Amino acid sequence: MKYINAKDCLPEELLEEIMEYVEGAYIYIPKKEENKKQWGNETAFRREMELRNQRIYEHFLIGMSYGEIAEMYHLSEKSIRRIVLEERKKTEMEKMHVIEILKNYGIEGEVKQIYTSAWDIGGEYVLKKYDNKKELLNNVKMLKALEKEQVPVPQIAKTVDEKDYVEEKQYWLLTTKLKGSNIVNMSRCGDEWFVKMGKILGKLHQAFGQCEKDIEYWNNSLLGEMESWVSDNLKKEKLDYLEEKDADEAIEELRTIDEELPRNLIHRDVHLGNFLFSNGEFSGYVDFDLSQKNIRIFDLCYFLLGLLLEEEENQISEERWFEVLRSVVKGYDSEMKLSGIEKENISVVMKNIELLFVAYFIGEEDEVAARESAKLFYFVKDNQEKIKKNLTFV
């Protein structure tokens with residue numbers, strides 16, 4: 001769920017009336033009761049299966065073997081092959097549409113799907129599909145600003161009539177393809193590699209700081225989200241995997257420190273798929289659709305939590321994760337000096353990020369993913385002191 005600027009969706013006279021009561025603040029408008037769906041029904045189960053199958057196909061697209069995926073989802077390899085085949089068939093019609101879109105650019109090339117919404121074009125370009133125009137425009141602005149700062153990002157390919165993107169049913173952005181690929185398995189990555197990842201993220205935040213003067217950006221608030229739609233979703237019904245008092249306590253912890261946490265433009269979707277490496281060396285950043293101004297350590301916490309989420313596939317044990325935590329924070333701190341309050345409250349921000357995901361997946365009716373996020377929330381909560389201790393000497 002994302003915030004929408006009231007100017008973009010409300011009549012002017014209604015907006016003026018609302019501003020008589022409140023202005024310059026976040027307002028969450030809940031769904032009507034009759035539009036809310038209950039979990040556990042046939043539709044919700046079918047939706048969960050669709051989401052699971054999409055994730056399985058995405059794992060296949062990034063290079064995981066049938067055996068690795070089968071182990072992750074506790075299914076047979078035969079079942080994984082069947083799911084991948086079914087998902088591939090669904091994309092064949094869209095592939096023909098992609099070929100038509102490419103005529104706007106006057107280019108041809110082999111079309112290979114690399115993600116559910118992205119295609120490799122002849123090994124030279126990447127075409128990405130957007131349902132949300134604002135996300136596309138956000139990415140366009142960030143790519144241009146970061147390129148100006150000589151940050152390694154994809155370059156936007158213009159259409160034959162010199163436009164930045166194509167609007168046809170959905171929105172389409174073509175960029176050059178950076179050399180390299182994302183890291184799929186980190187079992188061989190030592191501490192120095194994770195220090196390097198922290199440095200890479202810190203340098204990106206430095207570049208973001210330079211970009212602020214050149215672009216308009218979404219000034220968001222993690223606390224604002226926690227106090228509005230996140231809390232609302234968490235309290236829709238009694239959850240057997242998340243205690244309401246634990247969620248309230250985590251939000252209150254964030255509330256007491258929010259104003260002291262430094263803010264910065266952030267990527268907002270920092271995971272290994274958005275960092276590219278060529279011959280072991282970092283080659284570029286991708287995907288700035290969700291970039292916004294928010295508390296600075298959001299990206300750091302998001303990235304570290306993602307490593308826990310991918311534990312099985314990347315073979316990082318929980319004990320190893322604490323070493324990785326120290327290395328990544330050390331690398332970031334060497335490029336962007338962290339304040340004491342940031343280091344002390346990384347676990348607080350982590351807990352709130354996982355609550356945000358629980359709430360998001362509740363809205364998406366994906367109970368499996370919501371439970372997984374709650375599990376991570378309790379891992380961080382139970383290890384809060386250990387996390388602090390591991391960062392004492394960073």
# chains A, B, ... in the order shown; residues from 1 in each chain; ligands from 1
>>> select_by_dssp(residues="range 299-391 of chain A", states="helix (DSSP H, G or I)", output="compact mmCIF listing (two decimals) with N, CA, C and O atoms, in the first residue's frame")
# COMPACT_ATOMS: atom_id res chain seq x y z
N ASP A 299 17.16 1.42 4.67
CA ASP A 299 17.80 0.58 3.64
C ASP A 299 18.71 -0.47 4.26
O ASP A 299 18.73 -1.63 3.84
N LEU A 300 19.49 -0.05 5.23
CA LEU A 300 20.43 -0.95 5.90
C LEU A 300 19.67 -2.09 6.57
O LEU A 300 20.01 -3.27 6.42
N CYS A 301 18.61 -1.76 7.29
CA CYS A 301 17.81 -2.76 8.00
C CYS A 301 17.08 -3.68 7.01
O CYS A 301 17.02 -4.90 7.21
N TYR A 302 16.55 -3.10 5.97
CA TYR A 302 15.81 -3.86 4.95
C TYR A 302 16.73 -4.90 4.30
O TYR A 302 16.35 -6.07 4.12
N PHE A 303 17.94 -4.47 3.95
CA PHE A 303 18.90 -5.37 3.32
C PHE A 303 19.25 -6.54 4.24
O PHE A 303 19.24 -7.70 3.84
N LEU A 304 19.55 -6.23 5.49
CA LEU A 304 19.95 -7.27 6.45
C LEU A 304 18.81 -8.24 6.73
O LEU A 304 19.02 -9.45 6.84
N LEU A 305 17.59 -7.74 6.83
CA LEU A 305 16.45 -8.62 7.03
C LEU A 305 16.24 -9.53 5.84
O LEU A 305 15.87 -10.70 5.98
N GLY A 306 16.50 -9.01 4.64
CA GLY A 306 16.36 -9.82 3.43
C GLY A 306 17.31 -11.01 3.42
O GLY A 306 16.97 -12.09 2.92
N LEU A 307 18.48 -10.84 4.00
CA LEU A 307 19.43 -11.96 4.08
C LEU A 307 18.88 -13.06 4.97
O LEU A 307 19.09 -14.25 4.72
N LEU A 308 18.18 -12.69 6.03
CA LEU A 308 17.55 -13.68 6.90
C LEU A 308 16.42 -14.39 6.18
O LEU A 308 16.24 -15.59 6.31
N LEU A 309 15.67 -13.63 5.41
CA LEU A 309 14.54 -14.20 4.68
C LEU A 309 15.01 -15.21 3.66
O LEU A 309 14.34 -16.22 3.41
N GLU A 311 17.57 -17.13 3.94
CA GLU A 311 18.52 -17.98 4.65
C GLU A 311 18.70 -19.35 3.99
O GLU A 311 19.80 -19.80 3.75
N GLU A 312 17.56 -20.03 3.69
CA GLU A 312 17.68 -21.38 3.13
C GLU A 312 18.42 -21.37 1.80
O GLU A 312 19.34 -22.14 1.57
N GLU A 313 18.01 -20.47 0.92
CA GLU A 313 18.57 -20.46 -0.41
C GLU A 313 20.04 -20.05 -0.42
O GLU A 313 20.82 -20.51 -1.25
N ASN A 314 20.42 -19.18 0.50
CA ASN A 314 21.79 -18.69 0.52
C ASN A 314 22.65 -19.32 1.61
O ASN A 314 23.80 -18.95 1.77
N GLU A 318 21.53 -18.50 11.29
CA GLU A 318 21.21 -17.37 12.15
C GLU A 318 22.46 -16.85 12.86
O GLU A 318 22.66 -15.65 13.00
N GLU A 319 23.31 -17.77 13.30
CA GLU A 319 24.56 -17.35 13.97
C GLU A 319 25.46 -16.57 13.00
O GLU A 319 26.07 -15.57 13.38
N ARG A 320 25.55 -17.04 11.77
CA ARG A 320 26.36 -16.36 10.77
C ARG A 320 25.80 -14.97 10.48
O ARG A 320 26.54 -14.01 10.23
N TRP A 321 24.48 -14.84 10.57
CA TRP A 321 23.84 -13.57 10.27
C TRP A 321 24.34 -12.46 11.19
O TRP A 321 24.51 -11.32 10.76
N PHE A 322 24.60 -12.77 12.44
CA PHE A 322 25.09 -11.74 13.37
C PHE A 322 26.48 -11.24 12.95
O PHE A 322 26.80 -10.06 13.11
N GLU A 323 27.30 -12.12 12.38
CA GLU A 323 28.60 -11.70 11.87
C GLU A 323 28.43 -10.83 10.62
O GLU A 323 29.13 -9.82 10.45
N VAL A 324 27.48 -11.23 9.77
CA VAL A 324 27.18 -10.45 8.56
C VAL A 324 26.66 -9.08 8.94
O VAL A 324 27.04 -8.06 8.35
N LEU A 325 25.78 -9.02 9.94
CA LEU A 325 25.24 -7.75 10.44
C LEU A 325 26.38 -6.80 10.79
O LEU A 325 26.39 -5.64 10.36
N ARG A 326 27.35 -7.29 11.55
CA ARG A 326 28.47 -6.45 11.98
C ARG A 326 29.30 -5.97 10.78
O ARG A 326 29.69 -4.80 10.71
N SER A 327 29.51 -6.86 9.81
CA SER A 327 30.32 -6.51 8.64
C SER A 327 29.64 -5.46 7.76
O SER A 327 30.27 -4.49 7.32
N VAL A 328 28.35 -5.65 7.50
CA VAL A 328 27.62 -4.71 6.63
C VAL A 328 27.55 -3.33 7.29
O VAL A 328 27.81 -2.31 6.63
N VAL A 329 27.24 -3.28 8.57
CA VAL A 329 27.16 -2.00 9.27
C VAL A 329 28.53 -1.33 9.31
O VAL A 329 28.64 -0.10 9.15
N LYS A 330 29.58 -2.11 9.50
CA LYS A 330 30.94 -1.57 9.51
C LYS A 330 31.26 -0.92 8.17
O LYS A 330 31.82 0.19 8.11
N GLY A 331 30.91 -1.59 7.08
CA GLY A 331 31.17 -1.03 5.75
C GLY A 331 30.39 0.25 5.51
O GLY A 331 30.93 1.25 5.02
N TYR A 332 29.11 0.24 5.86
CA TYR A 332 28.28 1.44 5.68
C TYR A 332 28.83 2.60 6.50
O TYR A 332 28.95 3.73 6.01
N ASP A 333 29.18 2.32 7.74
CA ASP A 333 29.65 3.35 8.66
C ASP A 333 30.95 3.99 8.17
O ASP A 333 31.22 5.15 8.47
N SER A 334 31.73 3.26 7.39
CA SER A 334 32.98 3.82 6.87
C SER A 334 32.73 4.84 5.76
O SER A 334 33.59 5.67 5.46
N GLU A 335 31.54 4.79 5.14
CA GLU A 335 31.19 5.73 4.07
C GLU A 335 30.21 6.80 4.55
O GLU A 335 30.31 7.96 4.17
N GLY A 340 25.11 7.32 17.10
CA GLY A 340 24.95 6.33 18.16
C GLY A 340 23.52 5.84 18.27
O GLY A 340 23.27 4.64 18.47
N ILE A 341 22.57 6.76 18.14
CA ILE A 341 21.17 6.36 18.27
C ILE A 341 20.73 5.45 17.13
O ILE A 341 19.87 4.58 17.29
N GLU A 342 21.34 5.62 15.95
CA GLU A 342 21.03 4.73 14.84
C GLU A 342 21.51 3.31 15.13
O GLU A 342 20.77 2.33 14.92
N LYS A 343 22.76 3.19 15.59
CA LYS A 343 23.29 1.87 15.90
C LYS A 343 22.49 1.18 17.01
O LYS A 343 22.21 -0.01 16.95
N GLU A 344 22.11 1.96 18.01
CA GLU A 344 21.39 1.39 19.16
C GLU A 344 19.98 0.92 18.78
O GLU A 344 19.42 0.04 19.44
N ILE A 346 18.84 -0.06 15.52
CA ILE A 346 18.66 -0.83 14.29
C ILE A 346 17.60 -1.91 14.48
O ILE A 346 16.76 -2.16 13.61
N SER A 347 17.60 -2.56 15.63
CA SER A 347 16.62 -3.61 15.88
C SER A 347 15.19 -3.05 15.94
O SER A 347 14.23 -3.71 15.51
N VAL A 348 15.03 -1.84 16.45
CA VAL A 348 13.70 -1.21 16.52
C VAL A 348 13.16 -0.98 15.11
O VAL A 348 12.00 -1.28 14.80
N VAL A 349 14.01 -0.45 14.24
CA VAL A 349 13.59 -0.20 12.86
C VAL A 349 13.30 -1.53 12.16
O VAL A 349 12.33 -1.65 11.40
N MET A 350 14.12 -2.53 12.41
CA MET A 350 13.90 -3.85 11.81
C MET A 350 12.53 -4.42 12.20
O MET A 350 11.80 -4.95 11.37
N LYS A 351 12.19 -4.30 13.48
CA LYS A 351 10.90 -4.83 13.94
C LYS A 351 9.75 -4.12 13.24
O LYS A 351 8.77 -4.77 12.83
N ASN A 352 9.86 -2.83 13.07
CA ASN A 352 8.78 -2.09 12.42
C ASN A 352 8.69 -2.40 10.93
O ASN A 352 7.59 -2.44 10.37
N ILE A 353 9.82 -2.64 10.30
CA ILE A 353 9.79 -3.04 8.89
C ILE A 353 9.05 -4.36 8.73
O ILE A 353 8.22 -4.53 7.82
N GLU A 354 9.32 -5.31 9.61
CA GLU A 354 8.64 -6.60 9.50
C GLU A 354 7.14 -6.48 9.81
O GLU A 354 6.33 -7.15 9.20
N LEU A 355 6.78 -5.60 10.75
CA LEU A 355 5.36 -5.35 10.99
C LEU A 355 4.70 -4.74 9.76
O LEU A 355 3.56 -5.07 9.42
N LEU A 356 5.43 -3.85 9.09
CA LEU A 356 4.92 -3.26 7.86
C LEU A 356 4.62 -4.35 6.83
O LEU A 356 3.58 -4.33 6.16
N PHE A 357 5.53 -5.33 6.74
CA PHE A 357 5.32 -6.41 5.77
C PHE A 357 4.18 -7.33 6.19
O PHE A 357 3.43 -7.82 5.34
N VAL A 358 4.04 -7.58 7.48
CA VAL A 358 2.89 -8.37 7.93
C VAL A 358 1.60 -7.69 7.48
O VAL A 358 0.71 -8.32 6.91
N ALA A 359 1.51 -6.37 7.73
CA ALA A 359 0.32 -5.61 7.37
C ALA A 359 0.10 -5.61 5.85
O ALA A 359 -1.03 -5.74 5.38
N TYR A 360 1.20 -5.45 5.11
CA TYR A 360 1.08 -5.44 3.64
C TYR A 360 0.54 -6.77 3.13
O TYR A 360 -0.38 -6.81 2.30
N PHE A 361 1.10 -7.87 3.62
CA PHE A 361 0.67 -9.18 3.15
C PHE A 361 -0.75 -9.52 3.62
O PHE A 361 -1.46 -10.26 2.93
N ILE A 362 -1.17 -8.98 4.75
CA ILE A 362 -2.57 -9.14 5.16
C ILE A 362 -3.46 -8.49 4.10
O ILE A 362 -4.46 -9.07 3.67
N GLY A 363 -3.08 -7.28 3.67
CA GLY A 363 -3.85 -6.60 2.63
C GLY A 363 -3.86 -7.34 1.31
O GLY A 363 -4.83 -7.27 0.55
N GLU A 367 -1.37 -15.05 3.48
CA GLU A 367 -1.13 -15.39 4.88
C GLU A 367 0.22 -16.05 5.08
O GLU A 367 0.86 -15.87 6.12
N VAL A 368 0.69 -16.83 4.10
CA VAL A 368 1.98 -17.50 4.24
C VAL A 368 3.09 -16.47 4.41
O VAL A 368 3.94 -16.58 5.30
N ALA A 369 3.11 -15.45 3.54
CA ALA A 369 4.14 -14.42 3.62
C ALA A 369 3.97 -13.57 4.89
O ALA A 369 4.97 -13.14 5.49
N ALA A 370 2.73 -13.32 5.30
CA ALA A 370 2.49 -12.56 6.53
C ALA A 370 3.07 -13.29 7.73
O ALA A 370 3.70 -12.69 8.61
N ARG A 371 2.87 -14.60 7.78
CA ARG A 371 3.41 -15.39 8.89
C ARG A 371 4.94 -15.39 8.86
O ARG A 371 5.58 -15.34 9.91
N GLU A 372 5.52 -15.44 7.69
CA GLU A 372 6.98 -15.42 7.57
C GLU A 372 7.54 -14.10 8.09
O GLU A 372 8.57 -14.08 8.78
N SER A 373 6.86 -13.01 7.79
CA SER A 373 7.31 -11.71 8.27
C SER A 373 7.17 -11.62 9.79
O SER A 373 8.03 -11.04 10.47
N ALA A 374 6.09 -12.18 10.33
CA ALA A 374 5.91 -12.19 11.79
C ALA A 374 7.01 -13.01 12.46
O ALA A 374 7.50 -12.66 13.54
N LYS A 375 7.39 -14.09 11.81
CA LYS A 375 8.47 -14.93 12.34
C LYS A 375 9.77 -14.13 12.43
O LYS A 375 10.51 -14.21 13.43
N LEU A 376 10.06 -13.33 11.40
CA LEU A 376 11.26 -12.48 11.43
C LEU A 376 11.14 -11.40 12.50
O LEU A 376 12.13 -11.06 13.15
N PHE A 377 9.94 -10.86 12.66
CA PHE A 377 9.71 -9.86 13.71
C PHE A 377 10.11 -10.43 15.07
O PHE A 377 10.83 -9.77 15.84
N TYR A 378 9.69 -11.65 15.36
CA TYR A 378 10.00 -12.24 16.66
C TYR A 378 11.46 -12.66 16.77
O TYR A 378 12.03 -12.64 17.87
N PHE A 379 12.08 -13.00 15.64
CA PHE A 379 13.52 -13.29 15.69
C PHE A 379 14.28 -12.04 16.14
O PHE A 379 15.16 -12.12 17.01
N VAL A 380 13.95 -10.89 15.55
CA VAL A 380 14.62 -9.64 15.92
C VAL A 380 14.28 -9.27 17.36
O VAL A 380 15.16 -8.89 18.14
N LYS A 381 13.02 -9.39 17.73
CA LYS A 381 12.60 -9.05 19.09
C LYS A 381 13.34 -9.89 20.13
O LYS A 381 13.83 -9.37 21.13
N ASP A 382 13.44 -11.19 19.87
CA ASP A 382 14.09 -12.10 20.82
C ASP A 382 15.60 -11.88 20.89
O ASP A 382 16.23 -12.28 21.88
N GLN A 384 17.15 -8.79 20.34
CA GLN A 384 17.40 -7.35 20.32
C GLN A 384 18.72 -6.98 21.03
O GLN A 384 19.52 -6.20 20.51
N GLU A 385 18.95 -7.57 22.17
CA GLU A 385 20.18 -7.25 22.92
C GLU A 385 21.41 -7.80 22.22
O GLU A 385 22.47 -7.18 22.22
N LYS A 386 21.28 -8.96 21.59
CA LYS A 386 22.41 -9.54 20.87
C LYS A 386 22.78 -8.68 19.66
O LYS A 386 23.96 -8.52 19.33
N ILE A 387 21.76 -8.13 18.99
CA ILE A 387 22.01 -7.24 17.86
C ILE A 387 22.77 -6.01 18.33
O ILE A 387 23.76 -5.60 17.72
N LYS A 388 22.32 -5.41 19.44
CA LYS A 388 23.02 -4.23 20.00
C LYS A 388 24.46 -4.56 20.34
O LYS A 388 25.39 -3.80 20.04
N LYS A 389 24.65 -5.72 20.99
CA LYS A 389 25.99 -6.11 21.41
C LYS A 389 26.92 -6.28 20.24
O LYS A 389 28.10 -5.91 20.31
N ASN A 390 26.44 -6.82 19.13
CA ASN A 390 27.27 -7.02 17.94
C ASN A 390 27.66 -5.72 17.27
O ASN A 390 28.59 -5.70 16.46
>>> select_by_dssp(residues="range 261-333 of chain A", states="strand (DSSP E)", output="list of chain:residue names")
A:Arg263, A:Asn264, A:Leu265, A:Ile266, A:Phe275, A:Leu276, A:Phe277, A:Ser278, A:Glu281, A:Phe282, A:Ser283, A:Gly284, A:Tyr285, A:Gln292, A:Lys293, A:Asn294, A:Ile295
>>> write_last_selection(atoms="C-alpha atoms", output="PDB file, in the first residue's frame")
ATOM      1  CA  ARG A 263      16.723  11.142   7.182  1.00  0.00           C
ATOM      2  CA  ASN A 264      17.998  10.707   3.640  1.00  0.00           C
ATOM      3  CA  LEU A 265      16.848   9.731   0.195  1.00  0.00           C
ATOM      4  CA  ILE A 266      16.782   5.924   0.236  1.00  0.00           C
ATOM      5  CA  PHE A 275      22.953  -4.939  -6.951  1.00  0.00           C
ATOM      6  CA  LEU A 276      24.958  -6.212  -9.921  1.00  0.00           C
ATOM      7  CA  PHE A 277      28.431  -7.748  -9.914  1.00  0.00           C
ATOM      8  CA  SER A 278      30.776  -8.547 -12.800  1.00  0.00           C
ATOM      9  CA  GLU A 281      33.336  -6.541  -8.680  1.00  0.00           C
ATOM     10  CA  PHE A 282      30.339  -4.286  -8.159  1.00  0.00           C
ATOM     11  CA  SER A 283      28.999  -3.005 -11.503  1.00  0.00           C
ATOM     12  CA  GLY A 284      25.832  -1.055 -10.744  1.00  0.00           C
ATOM     13  CA  TYR A 285      22.523  -0.367  -9.010  1.00  0.00           C
ATOM     14  CA  GLN A 292      11.817   8.167  -1.232  1.00  0.00           C
ATOM     15  CA  LYS A 293      13.066  10.264   1.641  1.00  0.00           C
ATOM     16  CA  ASN A 294      12.794   8.357   4.904  1.00  0.00           C
ATOM     17  CA  ILE A 295      14.889   7.408   7.931  1.00  0.00           C
TER      18      ILE A 295
END
>>> residues_around(residues="Leu173 in chain A", least_positions_apart="2", cutoff="12 Å", atoms="only C-alpha atoms", output="number ranges by chain")
A: 98, 101-102, 104-105, 117-119, 125-133, 135-140, 143, 154-159, 163-168, 170-171, 175-176, 287, 289
>>> closest_residue(among="A:Leu234, A:Gln206, A:Glu252, A:Met197", to="Val270 in chain A", atoms="only C-alpha atoms")
A:Met197
>>> closest_residue(among="A:Ile56, A:Met64, A:Met96, A:Ile215", to="Thr116 in chain A", atoms="only C-alpha atoms")
A:Ile56
>>> residues_around(residues="Glu216 in chain A", least_positions_apart="3", cutoff="10 Å", atoms="only C-alpha atoms", output="ChimeraX atom specification")
/A:138,141-142,211-213,219,292
>>> atom_distance(atom1="CA of Arg255 in chain A", atom2="CA of Met226 in chain A")
9.4 Å
>>> closest_residue(among="A:Lys148, A:Ser231, A:Met72, A:Ser65", to="Arg52 in chain A", atoms="only C-alpha atoms")
A:Met72
>>> residues_around(residues="Gly122 in chain A", least_positions_apart="5", cutoff="12 Å", atoms="only C-alpha atoms", output="ChimeraX atom specification")
/A:99,102,107-113,127,176-177
>>> write_last_selection(atoms="all heavy atoms", output="mmCIF file, in the first residue's frame")
data_model
loop_
_atom_site.group_PDB
_atom_site.id
_atom_site.type_symbol
_atom_site.label_atom_id
_atom_site.label_comp_id
_atom_site.auth_asym_id
_atom_site.auth_seq_id
_atom_site.Cartn_x
_atom_site.Cartn_y
_atom_site.Cartn_z
ATOM 1 N N ILE A 99 7.321 -7.684 -27.927
ATOM 2 C CA ILE A 99 7.896 -7.502 -29.275
ATOM 3 C C ILE A 99 7.258 -6.312 -29.972
ATOM 4 O O ILE A 99 7.935 -5.540 -30.669
ATOM 5 C CB ILE A 99 7.723 -8.801 -30.104
ATOM 6 C CG1 ILE A 99 8.595 -9.914 -29.505
ATOM 7 C CG2 ILE A 99 8.092 -8.564 -31.566
ATOM 8 C CD1 ILE A 99 8.364 -11.280 -30.104
ATOM 9 N N LEU A 102 8.615 -3.022 -28.527
ATOM 10 C CA LEU A 102 9.976 -2.713 -28.984
ATOM 11 C C LEU A 102 9.988 -1.960 -30.311
ATOM 12 O O LEU A 102 10.969 -1.275 -30.633
ATOM 13 C CB LEU A 102 10.795 -4.001 -29.106
ATOM 14 C CG LEU A 102 11.165 -4.673 -27.783
ATOM 15 C CD1 LEU A 102 11.853 -6.000 -28.035
ATOM 16 C CD2 LEU A 102 12.052 -3.767 -26.936
ATOM 17 N N ILE A 107 14.107 -1.225 -32.334
ATOM 18 C CA ILE A 107 15.140 -2.227 -32.103
ATOM 19 C C ILE A 107 14.529 -3.625 -32.123
ATOM 20 O O ILE A 107 13.334 -3.810 -31.890
ATOM 21 C CB ILE A 107 15.876 -2.009 -30.763
ATOM 22 C CG1 ILE A 107 14.925 -2.222 -29.586
ATOM 23 C CG2 ILE A 107 16.511 -0.645 -30.702
ATOM 24 C CD1 ILE A 107 15.631 -2.227 -28.244
ATOM 25 N N GLU A 108 15.367 -4.597 -32.404
ATOM 26 C CA GLU A 108 14.967 -5.992 -32.376
ATOM 27 C C GLU A 108 15.993 -6.759 -31.557
ATOM 28 O O GLU A 108 17.087 -6.284 -31.298
ATOM 29 C CB GLU A 108 14.883 -6.571 -33.789
ATOM 30 C CG GLU A 108 13.827 -5.919 -34.664
ATOM 31 C CD GLU A 108 13.810 -6.517 -36.059
ATOM 32 O OE1 GLU A 108 14.730 -7.307 -36.387
ATOM 33 O OE2 GLU A 108 12.881 -6.194 -36.822
ATOM 34 N N GLY A 109 15.648 -7.947 -31.169
ATOM 35 C CA GLY A 109 16.577 -8.778 -30.417
ATOM 36 C C GLY A 109 15.832 -9.891 -29.720
ATOM 37 O O GLY A 109 14.601 -9.844 -29.567
ATOM 38 N N GLU A 110 16.572 -10.892 -29.294
ATOM 39 C CA GLU A 110 15.952 -12.000 -28.590
ATOM 40 C C GLU A 110 15.316 -11.497 -27.286
ATOM 41 O O GLU A 110 15.932 -10.759 -26.525
ATOM 42 C CB GLU A 110 16.996 -13.068 -28.259
ATOM 43 C CG GLU A 110 16.417 -14.274 -27.536
ATOM 44 C CD GLU A 110 17.474 -15.277 -27.107
ATOM 45 O OE1 GLU A 110 18.671 -15.022 -27.380
ATOM 46 O OE2 GLU A 110 17.109 -16.291 -26.489
ATOM 47 N N VAL A 111 14.076 -11.895 -27.058
ATOM 48 C CA VAL A 111 13.340 -11.480 -25.862
ATOM 49 C C VAL A 111 13.368 -12.617 -24.850
ATOM 50 O O VAL A 111 12.868 -13.700 -25.102
ATOM 51 C CB VAL A 111 11.886 -11.106 -26.202
ATOM 52 C CG1 VAL A 111 11.104 -10.781 -24.935
ATOM 53 C CG2 VAL A 111 11.849 -9.930 -27.175
ATOM 54 N N LYS A 112 13.958 -12.338 -23.694
ATOM 55 C CA LYS A 112 14.073 -13.368 -22.649
ATOM 56 C C LYS A 112 13.572 -12.794 -21.336
ATOM 57 O O LYS A 112 14.064 -11.771 -20.862
ATOM 58 C CB LYS A 112 15.531 -13.803 -22.498
ATOM 59 C CG LYS A 112 15.748 -14.856 -21.423
ATOM 60 C CD LYS A 112 17.225 -15.191 -21.291
ATOM 61 C CE LYS A 112 17.475 -16.196 -20.168
ATOM 62 N NZ LYS A 112 18.922 -16.472 -19.983
ATOM 63 N N GLN A 113 12.588 -13.436 -20.738
ATOM 64 C CA GLN A 113 12.055 -12.949 -19.479
ATOM 65 C C GLN A 113 13.056 -13.193 -18.350
ATOM 66 O O GLN A 113 13.592 -14.283 -18.206
ATOM 67 C CB GLN A 113 10.732 -13.641 -19.144
ATOM 68 C CG GLN A 113 10.010 -13.014 -17.965
ATOM 69 C CD GLN A 113 8.624 -13.571 -17.756
ATOM 70 O OE1 GLN A 113 8.340 -14.695 -18.131
ATOM 71 N NE2 GLN A 113 7.741 -12.773 -17.160
ATOM 72 N N LEU A 127 13.778 -4.287 -20.666
ATOM 73 C CA LEU A 127 12.481 -3.643 -20.788
ATOM 74 C C LEU A 127 11.668 -3.997 -19.551
ATOM 75 O O LEU A 127 11.503 -5.175 -19.223
ATOM 76 C CB LEU A 127 11.744 -4.113 -22.038
ATOM 77 C CG LEU A 127 10.363 -3.483 -22.274
ATOM 78 C CD1 LEU A 127 10.501 -2.003 -22.630
ATOM 79 C CD2 LEU A 127 9.611 -4.217 -23.385
ATOM 80 N N THR A 176 19.499 0.561 -20.868
ATOM 81 C CA THR A 176 20.642 -0.269 -21.220
ATOM 82 C C THR A 176 20.835 -1.321 -20.132
ATOM 83 O O THR A 176 20.423 -1.130 -18.987
ATOM 84 C CB THR A 176 21.916 0.582 -21.335
ATOM 85 O OG1 THR A 176 22.114 1.299 -20.093
ATOM 86 C CG2 THR A 176 21.804 1.570 -22.480
ATOM 87 N N LYS A 177 21.442 -2.420 -20.478
ATOM 88 C CA LYS A 177 21.696 -3.482 -19.508
ATOM 89 C C LYS A 177 23.121 -3.355 -18.978
ATOM 90 O O LYS A 177 24.084 -3.358 -19.747
ATOM 91 C CB LYS A 177 21.504 -4.853 -20.152
ATOM 92 C CG LYS A 177 21.670 -5.999 -19.168
ATOM 93 C CD LYS A 177 21.449 -7.349 -19.825
ATOM 94 C CE LYS A 177 21.629 -8.465 -18.793
ATOM 95 N NZ LYS A 177 21.453 -9.808 -19.395
#
>>> closest_residue(among="A:Ala207, A:Leu242, A:Leu254, A:Val394", to="Val151 in chain A", atoms="only C-alpha atoms")
A:Ala207
>>> closest_residue(among="A:Val160, A:Lys203, A:Gly67, A:Lys169", to="Glu94 in chain A", atoms="only C-alpha atoms")
A:Lys169
>>> closest_residue(among="A:Lys103, A:Lys199, A:Arg188, A:Arg81", to="Glu68 in chain A", atoms="only C-alpha atoms")
A:Arg81
>>> atom_distance(atom1="CA of Gly224 in chain A", atom2="CA of Arg296 in chain A")
15.2 Å
